[in-house]
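Novice: Quick one: the structure is below, and I'll ask about it shortly.
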Amino acid sequence: MRRVPPTVVDAVLAIGCFLSIMIMAVLNHRLEWWVAALAAVNTLPLLWRRRFPLLVSTVTGIGTGALFLTDSMGGIPAASLIATYGLASLSPAARMLAGVLGTIAGFASAAVLQHHQPLSYGPTAAAFVVAYALGTGARARRDRIAVLEERARRLAEEREVAAVRERERIAREMHDIVAHAMSLVILQAEAGPVALRTDPAKAERIFDTISTTTRDGLSQLRRVLLALRSEGAERHPQPGIESLPSLIEGVRQAGLDATFEERGEPRPCRSDLAVTVYRIVQEALSNTIKHAEATRVRVRLTWRDDALDLEVHDDGRGVSGERGHGGHGGHGLIGMRERVAVAGGRLVTGSDGTGFRVAASLPLAGALTDSRAP
């Protein structure tokens with residue numbers, strides 16, 4: 001029945017109600033032209049009951065009253081009951097109340113004009129109460145369905161947003177891991193042949209650094225892939241602030257004069273904030289190695305009462321377009337900005353005349369876990 005167009009359903013109901021009145025008129029020997037006219041007034045408005053429920057209920061009510069007063073309505077007023085159901089199902093509360101009051105007034109008028117006892121309309125009144133109850137139930141069911149559909153739509157949107165954010169997070173993780181590891185490997189590989197001819201011991205240390213860097217990069221990639229493959233898989237801790245000294249040491253072994261300085265009193269901070277700090281430093285150092293042509297880089301952490309300030313400063317070229325931070329299709333600076341934005345902080349990058357500077361200020365509010373815990 002749900003596949004049948006509503007107009008067809010309403011037309012069948014109107015025709016059925018009209019024929020029932022005409023059959024009763026034939027059986028009661030009251031088949032007159034004015035009975036057919038009243039029957040048409042009583043039933044034809046059902047064609048528009050979905051668009052104008054209150055008006056249709058009023059017109060069919062008048063037609064039903066006229067048929068009752070002329071003793072031409074020999075049975076249950078089906079058209080008025082259908083109109084009443086539509087009114088309760090489709091109209092706002094104020095219009096539905098007006099329809100209820102109109103129905104009560106119609107019953108009272110008919111009882112007075114026909115000098116009938118009010119109790120004689122009991123079955124018909126009960127039928128109208130049932131019609132109102134069914135219409136109200138249909139309205140409540142339709143409202144519940146609408147609420148559930150809206151909730152499902154919002155959940156689908158939230159899942160899509162969460163999936164997009166997770167893809168972006170994974171892309172940032174992969175970019176930072178691969179870019180940093182490959183930058184160190186390339187730098188060491190270029191220096192390896194020279195050191196092999198002039199200083200075999202240094203060449204051995206270079207190859208050890210390449211091996212250590214690649215193993216560390218593969219280990220971090222394995223963690224990301226493990227998280228993708230299984231939600232229940234064992235999770236390894238992400239690198240945090242406690243891993244910065246080893247990160248700086250890897251850059252130092254690659255040939256840069258790299259220093260790490262920490263000011264203020266270190267305090268517990270959220271694990272995600274610790275990962276953000278590590279990834280920003282990692283990406284900044286990768287850009288320094290790949291694009292800056294620098295000889296010296298300094299990493300500084302400053303602990304304040306409500307924030308953690310991070311600065312990576314090198315003595316290389318200071319034009320961002322030549323550095324790959326934002327130009328030439330690079331995603332390094334974009335990834336940094338996304339991480340800082342998620343943490344609710346601020347990021348400043350650019351040349352200061354002596355090199356290139358990456359500075360971030362990250363709020364410490366809502367500290368949860370100690371990032372220095374093993």
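Chain identifiers are assigned as A, B, and so on, following the order in which chains appear in the structure tokens; residues are numbered from 1 within each chain, and ligands are numbered from 1 in order of appearance.
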If we count only C-alpha atoms and set the cut-off at 9 Å, which residues sit around range 278-295 of chain A, ignoring sequence neighbours fewer than 6 positions away in its own chain? Please answer as a ChimeraX atom specification.

Specialist: /A:172-173,175-177,179-184,186-187,239-244,247-248,251,254-258,310-318,322-325,332-333,335-336,339-340,355-358,360

Novice: Keeping N, CA and C atoms for every residue in the selection just given, could you write it to a file as a short mmCIF file (atom, residue, chain, number, x, y, z; two decimals), in the first residue's frame?

Specialist:
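Result file follows (part.cif):
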```cif
data_model
loop_
_atom_site.label_atom_id
_atom_site.label_comp_id
_atom_site.auth_asym_id
_atom_site.auth_seq_id
_atom_site.Cartn_x
_atom_site.Cartn_y
_atom_site.Cartn_z
N ARG A 172 49.47 12.65 8.35
CA ARG A 172 50.50 13.44 9.00
C ARG A 172 51.56 12.54 9.64
N GLU A 173 51.08 11.46 10.31
CA GLU A 173 52.03 10.55 10.95
C GLU A 173 52.96 9.92 9.92
N HIS A 175 53.69 10.98 6.91
CA HIS A 175 54.57 11.99 6.31
C HIS A 175 55.74 12.32 7.22
N ASP A 176 55.43 12.55 8.52
CA ASP A 176 56.49 12.94 9.44
C ASP A 176 57.51 11.81 9.61
N ILE A 177 57.00 10.58 9.74
CA ILE A 177 57.92 9.45 9.95
C ILE A 177 58.82 9.24 8.74
N ALA A 179 59.38 11.23 6.06
CA ALA A 179 60.20 12.38 5.66
C ALA A 179 61.45 12.50 6.53
N HIS A 180 61.26 12.35 7.85
CA HIS A 180 62.41 12.50 8.73
C HIS A 180 63.42 11.38 8.52
N ALA A 181 62.93 10.14 8.48
CA ALA A 181 63.85 9.01 8.32
C ALA A 181 64.60 9.08 7.00
N MET A 182 63.89 9.35 5.92
CA MET A 182 64.55 9.40 4.61
C MET A 182 65.51 10.57 4.50
N SER A 183 65.17 11.69 5.15
CA SER A 183 66.08 12.84 5.10
C SER A 183 67.41 12.49 5.75
N LEU A 184 67.35 11.85 6.91
CA LEU A 184 68.59 11.46 7.58
C LEU A 184 69.36 10.41 6.77
N ILE A 186 69.31 9.91 3.49
CA ILE A 186 69.89 10.53 2.29
C ILE A 186 71.16 11.32 2.65
N LEU A 187 71.03 12.10 3.75
CA LEU A 187 72.18 12.89 4.15
C LEU A 187 73.38 12.01 4.50
N PRO A 239 55.99 8.17 20.35
CA PRO A 239 57.09 9.00 20.85
C PRO A 239 56.56 10.33 21.38
N GLY A 240 57.19 10.82 22.43
CA GLY A 240 56.76 12.07 23.05
C GLY A 240 57.94 12.96 23.36
N ILE A 241 57.76 13.80 24.36
CA ILE A 241 58.81 14.77 24.72
C ILE A 241 60.06 14.05 25.20
N GLU A 242 59.86 12.89 25.86
CA GLU A 242 61.01 12.15 26.37
C GLU A 242 61.89 11.60 25.25
N SER A 243 61.34 11.56 24.00
CA SER A 243 62.09 11.02 22.87
C SER A 243 62.85 12.10 22.10
N LEU A 244 62.69 13.37 22.49
CA LEU A 244 63.35 14.45 21.76
C LEU A 244 64.88 14.36 21.82
N LEU A 247 66.04 12.06 19.23
CA LEU A 247 65.80 12.64 17.90
C LEU A 247 66.88 13.65 17.55
N ILE A 248 67.24 14.49 18.51
CA ILE A 248 68.30 15.48 18.28
C ILE A 248 69.64 14.78 18.05
N VAL A 251 69.97 13.65 14.50
CA VAL A 251 70.31 14.75 13.60
C VAL A 251 71.78 15.14 13.77
N ALA A 254 73.94 12.95 11.93
CA ALA A 254 73.85 13.17 10.49
C ALA A 254 74.77 14.29 10.02
N GLY A 255 75.39 15.01 10.95
CA GLY A 255 76.37 16.02 10.57
C GLY A 255 76.00 17.43 10.92
N LEU A 256 74.80 17.66 11.47
CA LEU A 256 74.41 19.00 11.87
C LEU A 256 74.81 19.27 13.32
N ASP A 257 75.14 20.53 13.59
CA ASP A 257 75.41 20.94 14.97
C ASP A 257 74.06 21.20 15.63
N ALA A 258 73.48 20.16 16.25
CA ALA A 258 72.14 20.24 16.81
C ALA A 258 72.21 20.26 18.33
N LEU A 310 57.57 26.01 22.11
CA LEU A 310 58.51 25.19 21.34
C LEU A 310 59.13 26.05 20.24
N GLU A 311 60.44 25.95 20.06
CA GLU A 311 61.12 26.71 19.02
C GLU A 311 62.20 25.84 18.38
N VAL A 312 62.20 25.84 17.04
CA VAL A 312 63.26 25.19 16.26
C VAL A 312 63.84 26.26 15.35
N HIS A 313 65.12 26.54 15.52
CA HIS A 313 65.76 27.63 14.77
C HIS A 313 67.05 27.12 14.14
N ASP A 314 67.19 27.36 12.82
CA ASP A 314 68.42 26.96 12.15
C ASP A 314 69.05 28.18 11.49
N ASP A 315 70.27 28.01 10.97
CA ASP A 315 70.98 29.12 10.33
C ASP A 315 71.00 28.97 8.81
N GLY A 316 70.00 28.26 8.29
CA GLY A 316 69.95 28.06 6.84
C GLY A 316 69.20 29.16 6.13
N ARG A 317 68.77 28.85 4.91
CA ARG A 317 68.05 29.82 4.11
C ARG A 317 66.73 30.17 4.79
N GLY A 318 66.34 31.41 4.70
CA GLY A 318 65.18 31.86 5.46
C GLY A 318 63.96 32.18 4.66
N GLU A 322 61.64 28.58 -0.58
CA GLU A 322 62.81 27.79 -0.92
C GLU A 322 63.02 26.65 0.05
N ARG A 323 62.25 26.65 1.13
CA ARG A 323 62.45 25.66 2.18
C ARG A 323 61.54 24.46 2.05
N GLY A 324 60.47 24.61 1.27
CA GLY A 324 59.54 23.50 1.14
C GLY A 324 58.53 23.43 2.26
N HIS A 325 58.45 24.47 3.11
CA HIS A 325 57.48 24.44 4.20
C HIS A 325 56.08 24.59 3.66
N GLY A 332 54.58 19.79 4.76
CA GLY A 332 55.15 19.87 6.10
C GLY A 332 54.51 20.94 6.95
N LEU A 333 54.45 22.17 6.44
CA LEU A 333 53.88 23.27 7.21
C LEU A 333 52.39 23.06 7.44
N GLY A 335 50.87 20.19 7.77
CA GLY A 335 50.75 19.22 8.85
C GLY A 335 51.02 19.85 10.21
N MET A 336 52.04 20.71 10.29
CA MET A 336 52.32 21.40 11.55
C MET A 336 51.13 22.23 11.99
N ARG A 339 48.29 20.08 13.32
CA ARG A 339 48.57 19.55 14.66
C ARG A 339 48.40 20.63 15.73
N VAL A 340 48.93 21.81 15.46
CA VAL A 340 48.84 22.89 16.45
C VAL A 340 47.39 23.33 16.62
N GLY A 355 68.18 33.01 9.88
CA GLY A 355 67.83 31.64 9.52
C GLY A 355 66.32 31.48 9.51
N PHE A 356 65.90 30.26 9.66
CA PHE A 356 64.46 29.99 9.63
C PHE A 356 64.02 29.52 11.01
N ARG A 357 62.83 29.99 11.42
CA ARG A 357 62.35 29.74 12.78
C ARG A 357 60.95 29.15 12.74
N VAL A 358 60.77 28.08 13.49
CA VAL A 358 59.46 27.48 13.70
C VAL A 358 59.16 27.58 15.19
N ALA A 360 56.01 27.38 18.22
CA ALA A 360 54.64 26.99 18.55
C ALA A 360 54.41 27.19 20.03
#
```

Novice: Neighbours of range 137-141 of chain A within 10 Å (only C-alpha atoms; same-chain residues fewer than 3 positions away dropped), as a ChimeraX atom specification?

Specialist: /A:85-92,131-134,144-147

Novice: Give me a file of those residues, with C-alpha atoms, as a CSV table (one decimal), in the first residue's frame.

Specialist:
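Listing of part07.csv after writing:
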```csv
chain,number,residue,atom,x,y,z
A,85,TYR,CA,-7.9,11.0,11.5
A,86,GLY,CA,-6.1,13.2,8.9
A,87,LEU,CA,-6.6,16.2,11.1
A,88,ALA,CA,-5.1,14.5,14.2
A,89,SER,CA,-2.2,13.0,12.1
A,90,LEU,CA,-1.2,16.1,10.0
A,91,SER,CA,-2.2,19.3,11.8
A,92,PRO,CA,-0.4,21.3,14.5
A,131,ALA,CA,-10.0,8.2,15.0
A,132,TYR,CA,-8.4,11.0,16.9
A,133,ALA,CA,-6.3,8.5,18.9
A,134,LEU,CA,-5.2,6.7,15.7
A,144,ARG,CA,9.8,9.4,16.1
A,145,ILE,CA,10.8,8.2,12.7
A,146,ALA,CA,11.9,11.7,11.7
A,147,VAL,CA,13.9,12.0,14.9
```

Novice: Please return as a list of chain:residue names: the residues of range 192-303 of chain A that backbone DSSP assigns to strand (DSSP E or B).

Specialist: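 Taking range 192-303 of chain A and keeping strand (DSSP E or B) gives A:Asp257, A:Ala258, A:Thr259, A:Phe260, A:Glu261, A:Glu262, A:Arg263, A:Arg296, A:Val297, A:Arg298, A:Val299, A:Arg300, A:Leu301, A:Thr302, A:Trp303.
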
Novice: What parts of range 64-287 of chain A does DSSP call helix (DSSP H, G or I)? I'd like the answer as a VMD selection string.

Specialist: chain A and resid 64 to 69 78 to 90 93 to 114 118 to 198 200 to 229 241 to 253 271 to 287

Novice: For each of A:Arg165, A:Arg300, A:Arg252, A:Arg95, take the minimum atom-to-atom distance to Leu54 in chain A, counting only C-alpha atoms, then give the residue where this is smallest.

Specialist: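 Comparing A:Arg165, A:Arg300, A:Arg252, A:Arg95 against Leu54 in chain A, the winner is A:Arg95.
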
Novice: Near Ala37 in chain A, within 12 Å and counting only C-alpha atoms, which residues show up once chain neighbours fewer than 6 positions away are dropped, as a list in words?

Specialist: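 Here the answer would be Phe18, Ile21, Met22, Leu31, Thr43, Leu44, Gly63, Thr64, Ala66, Leu67 and Ser72 of chain A.
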
Novice: Mind pulling up the distance from CA of Ile170 in chain A to CA of Val297 in chain A?

Specialist: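 Computing the Euclidean distance for CA of Val297 in chain A and CA of Ile170 in chain A yields 27.5 Å.
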
Novice: So how far away is CA of Arg3 in chain A from CA of Glu157 in chain A, in Å?

Specialist: 29.3 Å
